[in-house]
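Data block below; observations after.
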Amino acid sequence: MTADAPQSILAPNGTVGIVGGGQLGRMLALAAAELGLKTHIYCPEADCPAAQVATAFTQAPYDDMAALTAFATQVDVVTYEFENIPVTTVAQLAQHKNVFPSAAALEVAQDRLVEKSFMRAQGLDVAAFFDITDLDSLTTALAETGGTGILKTRRFGYDGKGQWRLDAESDLAAVLQELNGQPAILEKLVPFEREVSILVARAQDGTTAAYDVIENVHRHHILHSSTLPAALPADAHKQATQIAEKLAAALDYVGVLAIECFVVGDALLINEIAPRVHNSGHLTQDACHCGQFEQHIRAIAGWPLGDARAHSNAVMTNLLGDEIEQWHGLAAQPATYIHLYGKAEARDGRKMGHVTQLMPKA
Ligand code: AMP
């Protein structure tokens, strides 16, 4: 949908279809409920976190065209909560109902080579990257990046999966064997000082609302904690908002878009984008007038965007695996908001919940 196309507005009691049933879908469904909207979750797994709090649930595979069509006929607008659903799924749904963000935006976000080429074409900064197809291209690229770099699969990488840090000692042939023919890129190592994310919402009419920049700390490639605001000079916050608005407009985006960046001196280098609400944005639920989940629902439902400004500073910490066992003590902390995802099994590294602690704004 373009900014001059007619908006589709979902009135209270309308139904939002959400593809994907994890914690992001759950928090989207809860936010929709606060606005008097119903939700219908589409997910292959039984008893998923989102289905527990939604109005309706379809359990079916992402490539079941008949089930997708039936789902689409029962909802008023469709969104999705993770980026590894097939583009064909979104295309099938889009034949029946508006799907936000669009299949085109999803395609850009699903492939690191397409994504980085898109950023570069928009004049946005990214780490130097090279298309890797074989040992020759990898050897040449590694020489260009100064002998070190990160090899990443183009598709389906998350939380550090599908990545290899390479240096002079690396056995390139062995790494390529592990890669097993998957298309990949090599990125130059960025000597970053901080990792941050920029969240922006864009409405169907092209208006935007950006959140203050959030600073992230990863442990073992998984997000550990996020802090609002990031410790950046005022200019960098302004630059971040400009990047976010430019990118959202270039993608003709509707919904919340997350942009993960490296901070190097005064520069913000984009690492990757997520066409959805994002773990680093969870603290906006409690620290901002309108959190990311409500904001996403507002955008796709054609409502006015909410106020993205923070009323408090905040630190969000993920509860992974058996860290959830601390729930009782955490629930007793002052100025702390606890969000648990209803997952039965606390596997190692699995995101089970998060806590957000608020602090007065400086
Ligand atoms: P990604 O899956 O691309 O988000 O990468 C996971 C993590 O690896 C990032 O959060 C960074 O900590 C690190 N990383 C990824 N790409 C680079 C890079 N080009 N230079 C330095 N560190 C990186």
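Please note that chains go A, B, ... in the order of the structure tokens, that every chain numbers its residues from 1, and that ligands are numbered from 1 in the order shown.
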
DSSP helix (DSSP H, G or I) selection over region 142-240 of chain A, as an MDAnalysis selection string: chainID A and resid 142:144 172:179 234:240

Got a sec: who's within 10 Å of region 279-282 of chain A, counting only C-alpha atoms, leaving out chain neighbours fewer than 6 positions off, as a PyMOL selection string? chain A and resi 23-24+27+196-199+211+213-217+223-228+256+258+260+291-293+315-318+339+351+354-356

Next, dump the selected residues to file, keeping only C-alpha atoms, as a short mmCIF file (atom, residue, chain, number, x, y, z; two decimals), in the first residue's frame.
```
data_model
loop_
_atom_site.label_atom_id
_atom_site.label_comp_id
_atom_site.auth_asym_id
_atom_site.auth_seq_id
_atom_site.Cartn_x
_atom_site.Cartn_y
_atom_site.Cartn_z
CA GLN A 23 5.86 -14.44 22.37
CA LEU A 24 5.78 -11.59 19.87
CA MET A 27 2.15 -9.57 23.09
CA VAL A 196 21.79 -0.30 19.23
CA SER A 197 18.40 -0.67 17.69
CA ILE A 198 16.11 1.88 16.16
CA LEU A 199 12.41 1.17 16.18
CA TYR A 211 11.34 5.55 19.45
CA VAL A 213 17.49 4.63 20.30
CA ILE A 214 17.85 1.50 22.44
CA GLU A 215 21.20 0.00 23.42
CA ASN A 216 21.63 -3.77 23.37
CA VAL A 217 23.96 -6.23 25.05
CA LEU A 223 19.97 -10.55 23.43
CA HIS A 224 20.65 -10.27 27.16
CA SER A 225 19.52 -6.73 28.00
CA SER A 226 18.34 -3.51 26.40
CA THR A 227 18.57 0.01 27.78
CA LEU A 228 16.54 3.08 26.92
CA VAL A 256 6.85 -1.48 13.37
CA ALA A 258 13.38 -2.73 13.84
CA GLU A 260 19.86 -3.09 14.37
CA GLY A 291 4.64 0.57 23.27
CA GLN A 292 5.75 -1.25 20.13
CA PHE A 293 3.00 -3.89 20.23
CA VAL A 315 16.36 -1.59 31.32
CA MET A 316 14.88 -4.82 29.96
CA THR A 317 16.43 -8.18 30.78
CA ASN A 318 15.47 -11.41 29.05
CA HIS A 339 6.16 -10.50 31.37
CA LYS A 351 13.17 -16.98 25.72
CA HIS A 354 11.45 -10.63 30.33
CA VAL A 355 11.51 -8.01 33.05
CA THR A 356 11.62 -4.27 32.57
#
```

Using only C-alpha atoms, which protein or nucleic acid residues come within 7 Å of Ala32 (chain A)? Drop anything in the same chain fewer than 5 positions from it, and give the result as number ranges by chain. A: 37-38, 294, 297

Give me every strand (DSSP E or B) residue in region 201-299 of chain A, going by DSSP on the backbone, as a VMD selection string. chain A and resid 201 to 202 208 to 210 214 to 219 222 to 228 255 to 264 267 to 274 288

Report as a ChimeraX atom specification which protein, DNA and RNA residues come within 7 Å of ligand 1, using only C-alpha atoms and all ligand atoms. /A:127,149-150,157-160,187-192,195,218,221,271-272

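Going from CA of Thr145 (chain A) over to CA of Leu166 (chain A), you cover 10.5 Å.
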
Thr88 (chain A) surroundings by only C-alpha atoms, 10 Å radius, close-in-sequence under 4 positions cut, as a PyMOL selection string: chain A and resi 62-63+65+92-94+103

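Among the candidates A:Asp286, A:Asp235, A:Glu323, A:Glu345, the one nearest to Asp266 (chain A) when counting only C-alpha atoms is A:Asp235.
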
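The nearest approach to Leu124 (chain A) among the residues A:Ala267, A:Asn13, A:Gly146, A:Ala66, with only C-alpha atoms taken into account, belongs to A:Ala267.
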
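When the distance limit is 10 Å and only C-alpha atoms are what count, the residues near Asp252 (chain A), minus those fewer than 3 positions from it on the same chain, are Met1, Thr2, Ala3, Pro101, Ser102, Ala104, Ala105, Arg202, Ala203, Gln204, Gly206, Lys246, Leu247, Ala248 and Ala249 of chain A.
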
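Shortest separation to Thr139 (chain A) among A:Leu176, A:Cys261, A:Ala308, A:Cys290 occurs at residue A:Leu176, atoms counted being only C-alpha atoms.
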
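The closest residue to Thr39 (chain A), picked from A:Gly14, A:Pro61, A:Gly22, A:Gly147 and counting only C-alpha atoms, is A:Gly14.
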
Selection near region 41-52 of chain A, 7 Å with only C-alpha atoms, sequence-local residues under 6 positions removed, as a list in words: Gly17, Ile18, Val19, Gly20, Gly21, Gly22, Gln23, Gly25, Arg26, Ala29, Thr58, Gln59, Ala60, Pro61, Tyr62, Tyr341, Gly342 and Lys343 of chain A

Go ahead and save the residues from that selection, with C-alpha atoms, as a compact mmCIF listing (two decimals), in the first residue's frame.
```
# COMPACT_ATOMS: atom_id res chain seq x y z
CA GLY A 17 -4.86 -12.19 11.86
CA ILE A 18 -1.35 -12.93 13.17
CA VAL A 19 0.87 -15.47 11.44
CA GLY A 20 3.24 -17.04 13.96
CA GLY A 21 2.47 -18.03 17.52
CA GLY A 22 5.48 -17.08 19.67
CA GLN A 23 5.86 -14.44 22.37
CA GLY A 25 2.39 -12.81 18.61
CA ARG A 26 1.24 -13.16 22.21
CA ALA A 29 -2.60 -10.16 20.69
CA THR A 58 -5.69 -22.14 13.37
CA GLN A 59 -3.09 -24.86 13.72
CA ALA A 60 -1.75 -25.59 10.23
CA PRO A 61 1.55 -25.58 8.32
CA TYR A 62 2.71 -22.36 6.62
CA TYR A 341 5.29 -16.09 27.84
CA GLY A 342 3.37 -19.18 29.01
CA LYS A 343 5.91 -21.67 27.61
```

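When only C-alpha atoms are used to measure the gap to Val99 (chain A), the shortest distance among A:Met119, A:Ala287, A:Ala230, A:Ala72 belongs to A:Ala72.
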
Fewer than 2 positions away in the same chain doesn't count, so skip those; otherwise give me all residues within 12 Å of Asp134 (chain A), counting only C-alpha atoms, as an MDAnalysis selection string. chainID A and resid 130:132 136:141 172:177 179:186

The selected residues should be written to file as a PDB file, in the first residue's frame (atoms: N, CA, C and O atoms).
```pdb
ATOM      1  N   PHE A 130      30.359  -9.125   0.816  1.00  0.00           N
ATOM      2  CA  PHE A 130      30.677  -9.787  -0.453  1.00  0.00           C
ATOM      3  C   PHE A 130      29.809 -11.030  -0.610  1.00  0.00           C
ATOM      4  O   PHE A 130      29.585 -11.751   0.370  1.00  0.00           O
ATOM      5  N   ASP A 131      29.365 -11.254  -1.831  1.00  0.00           N
ATOM      6  CA  ASP A 131      28.561 -12.434  -2.157  1.00  0.00           C
ATOM      7  C   ASP A 131      29.500 -13.643  -2.217  1.00  0.00           C
ATOM      8  O   ASP A 131      30.517 -13.611  -2.921  1.00  0.00           O
ATOM      9  N   ILE A 132      29.194 -14.683  -1.466  1.00  0.00           N
ATOM     10  CA  ILE A 132      30.071 -15.863  -1.430  1.00  0.00           C
ATOM     11  C   ILE A 132      29.361 -17.056  -2.060  1.00  0.00           C
ATOM     12  O   ILE A 132      28.274 -17.443  -1.619  1.00  0.00           O
ATOM     13  N   ASP A 136      36.767 -19.846  -4.082  1.00  0.00           N
ATOM     14  CA  ASP A 136      37.426 -18.728  -4.784  1.00  0.00           C
ATOM     15  C   ASP A 136      36.883 -17.378  -4.314  1.00  0.00           C
ATOM     16  O   ASP A 136      37.632 -16.470  -3.972  1.00  0.00           O
ATOM     17  N   SER A 137      35.545 -17.268  -4.328  1.00  0.00           N
ATOM     18  CA  SER A 137      34.948 -15.984  -3.933  1.00  0.00           C
ATOM     19  C   SER A 137      35.222 -15.693  -2.461  1.00  0.00           C
ATOM     20  O   SER A 137      35.436 -14.546  -2.062  1.00  0.00           O
ATOM     21  N   LEU A 138      35.284 -16.744  -1.629  1.00  0.00           N
ATOM     22  CA  LEU A 138      35.553 -16.533  -0.199  1.00  0.00           C
ATOM     23  C   LEU A 138      37.002 -16.068   0.009  1.00  0.00           C
ATOM     24  O   LEU A 138      37.261 -15.125   0.771  1.00  0.00           O
ATOM     25  N   THR A 139      37.930 -16.696  -0.700  1.00  0.00           N
ATOM     26  CA  THR A 139      39.350 -16.331  -0.557  1.00  0.00           C
ATOM     27  C   THR A 139      39.565 -14.893  -1.009  1.00  0.00           C
ATOM     28  O   THR A 139      40.242 -14.104  -0.340  1.00  0.00           O
ATOM     29  N   THR A 140      38.964 -14.525  -2.137  1.00  0.00           N
ATOM     30  CA  THR A 140      39.116 -13.159  -2.663  1.00  0.00           C
ATOM     31  C   THR A 140      38.505 -12.143  -1.693  1.00  0.00           C
ATOM     32  O   THR A 140      39.114 -11.108  -1.380  1.00  0.00           O
ATOM     33  N   ALA A 141      37.296 -12.460  -1.182  1.00  0.00           N
ATOM     34  CA  ALA A 141      36.610 -11.526  -0.289  1.00  0.00           C
ATOM     35  C   ALA A 141      37.398 -11.336   1.003  1.00  0.00           C
ATOM     36  O   ALA A 141      37.536 -10.217   1.513  1.00  0.00           O
ATOM     37  N   LEU A 172      39.132 -22.721   5.505  1.00  0.00           N
ATOM     38  CA  LEU A 172      38.009 -22.240   4.682  1.00  0.00           C
ATOM     39  C   LEU A 172      37.238 -23.383   4.025  1.00  0.00           C
ATOM     40  O   LEU A 172      36.005 -23.343   3.943  1.00  0.00           O
ATOM     41  N   ALA A 173      37.965 -24.403   3.583  1.00  0.00           N
ATOM     42  CA  ALA A 173      37.292 -25.526   2.918  1.00  0.00           C
ATOM     43  C   ALA A 173      36.355 -26.219   3.912  1.00  0.00           C
ATOM     44  O   ALA A 173      35.220 -26.591   3.560  1.00  0.00           O
ATOM     45  N   ALA A 174      36.818 -26.362   5.163  1.00  0.00           N
ATOM     46  CA  ALA A 174      35.972 -27.021   6.179  1.00  0.00           C
ATOM     47  C   ALA A 174      34.734 -26.176   6.481  1.00  0.00           C
ATOM     48  O   ALA A 174      33.635 -26.705   6.638  1.00  0.00           O
ATOM     49  N   VAL A 175      34.937 -24.852   6.539  1.00  0.00           N
ATOM     50  CA  VAL A 175      33.796 -23.969   6.816  1.00  0.00           C
ATOM     51  C   VAL A 175      32.771 -24.079   5.685  1.00  0.00           C
ATOM     52  O   VAL A 175      31.557 -24.166   5.925  1.00  0.00           O
ATOM     53  N   LEU A 176      33.266 -24.109   4.456  1.00  0.00           N
ATOM     54  CA  LEU A 176      32.344 -24.207   3.318  1.00  0.00           C
ATOM     55  C   LEU A 176      31.598 -25.536   3.329  1.00  0.00           C
ATOM     56  O   LEU A 176      30.439 -25.608   2.899  1.00  0.00           O
ATOM     57  N   GLN A 177      32.261 -26.550   3.831  1.00  0.00           N
ATOM     58  CA  GLN A 177      31.586 -27.846   3.925  1.00  0.00           C
ATOM     59  C   GLN A 177      30.421 -27.766   4.923  1.00  0.00           C
ATOM     60  O   GLN A 177      29.334 -28.276   4.665  1.00  0.00           O
ATOM     61  N   LEU A 179      28.852 -25.116   5.640  1.00  0.00           N
ATOM     62  CA  LEU A 179      27.855 -24.230   5.013  1.00  0.00           C
ATOM     63  C   LEU A 179      26.945 -25.047   4.091  1.00  0.00           C
ATOM     64  O   LEU A 179      25.776 -24.703   3.871  1.00  0.00           O
ATOM     65  N   ASN A 180      27.518 -26.111   3.548  1.00  0.00           N
ATOM     66  CA  ASN A 180      26.733 -27.088   2.795  1.00  0.00           C
ATOM     67  C   ASN A 180      25.946 -26.475   1.629  1.00  0.00           C
ATOM     68  O   ASN A 180      24.763 -26.763   1.437  1.00  0.00           O
ATOM     69  N   GLY A 181      26.625 -25.592   0.896  1.00  0.00           N
ATOM     70  CA  GLY A 181      26.015 -25.065  -0.323  1.00  0.00           C
ATOM     71  C   GLY A 181      25.008 -23.946  -0.115  1.00  0.00           C
ATOM     72  O   GLY A 181      24.427 -23.435  -1.079  1.00  0.00           O
ATOM     73  N   GLN A 182      24.778 -23.537   1.148  1.00  0.00           N
ATOM     74  CA  GLN A 182      23.824 -22.432   1.366  1.00  0.00           C
ATOM     75  C   GLN A 182      24.452 -21.137   0.877  1.00  0.00           C
ATOM     76  O   GLN A 182      25.618 -20.866   1.146  1.00  0.00           O
ATOM     77  N   PRO A 183      23.686 -20.286   0.196  1.00  0.00           N
ATOM     78  CA  PRO A 183      24.235 -18.996  -0.230  1.00  0.00           C
ATOM     79  C   PRO A 183      24.641 -18.176   0.996  1.00  0.00           C
ATOM     80  O   PRO A 183      23.978 -18.237   2.038  1.00  0.00           O
ATOM     81  N   ALA A 184      25.749 -17.431   0.873  1.00  0.00           N
ATOM     82  CA  ALA A 184      26.279 -16.721   2.049  1.00  0.00           C
ATOM     83  C   ALA A 184      26.892 -15.384   1.638  1.00  0.00           C
ATOM     84  O   ALA A 184      27.098 -15.107   0.453  1.00  0.00           O
ATOM     85  N   ILE A 185      27.143 -14.555   2.658  1.00  0.00           N
ATOM     86  CA  ILE A 185      27.927 -13.337   2.430  1.00  0.00           C
ATOM     87  C   ILE A 185      29.082 -13.311   3.430  1.00  0.00           C
ATOM     88  O   ILE A 185      28.994 -13.921   4.500  1.00  0.00           O
ATOM     89  N   LEU A 186      30.137 -12.605   3.060  1.00  0.00           N
ATOM     90  CA  LEU A 186      31.216 -12.328   4.010  1.00  0.00           C
ATOM     91  C   LEU A 186      31.134 -10.849   4.359  1.00  0.00           C
ATOM     92  O   LEU A 186      31.021 -10.000   3.480  1.00  0.00           O
TER      93      LEU A 186
END
```

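Between CA of Ile273 (chain A) and CA of Leu257 (chain A) lies a distance of 7.3 Å.
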
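Take the candidates A:Gly162, A:Gly321, A:Pro12, A:Gly255 and check each one against Thr207 (chain A) using only C-alpha atoms; the shortest distance goes to A:Gly255.
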
Point-to-point distance from CA of Arg309 (chain A) to CA of Arg120 (chain A), Å rounded to tenths: 29.4 Å
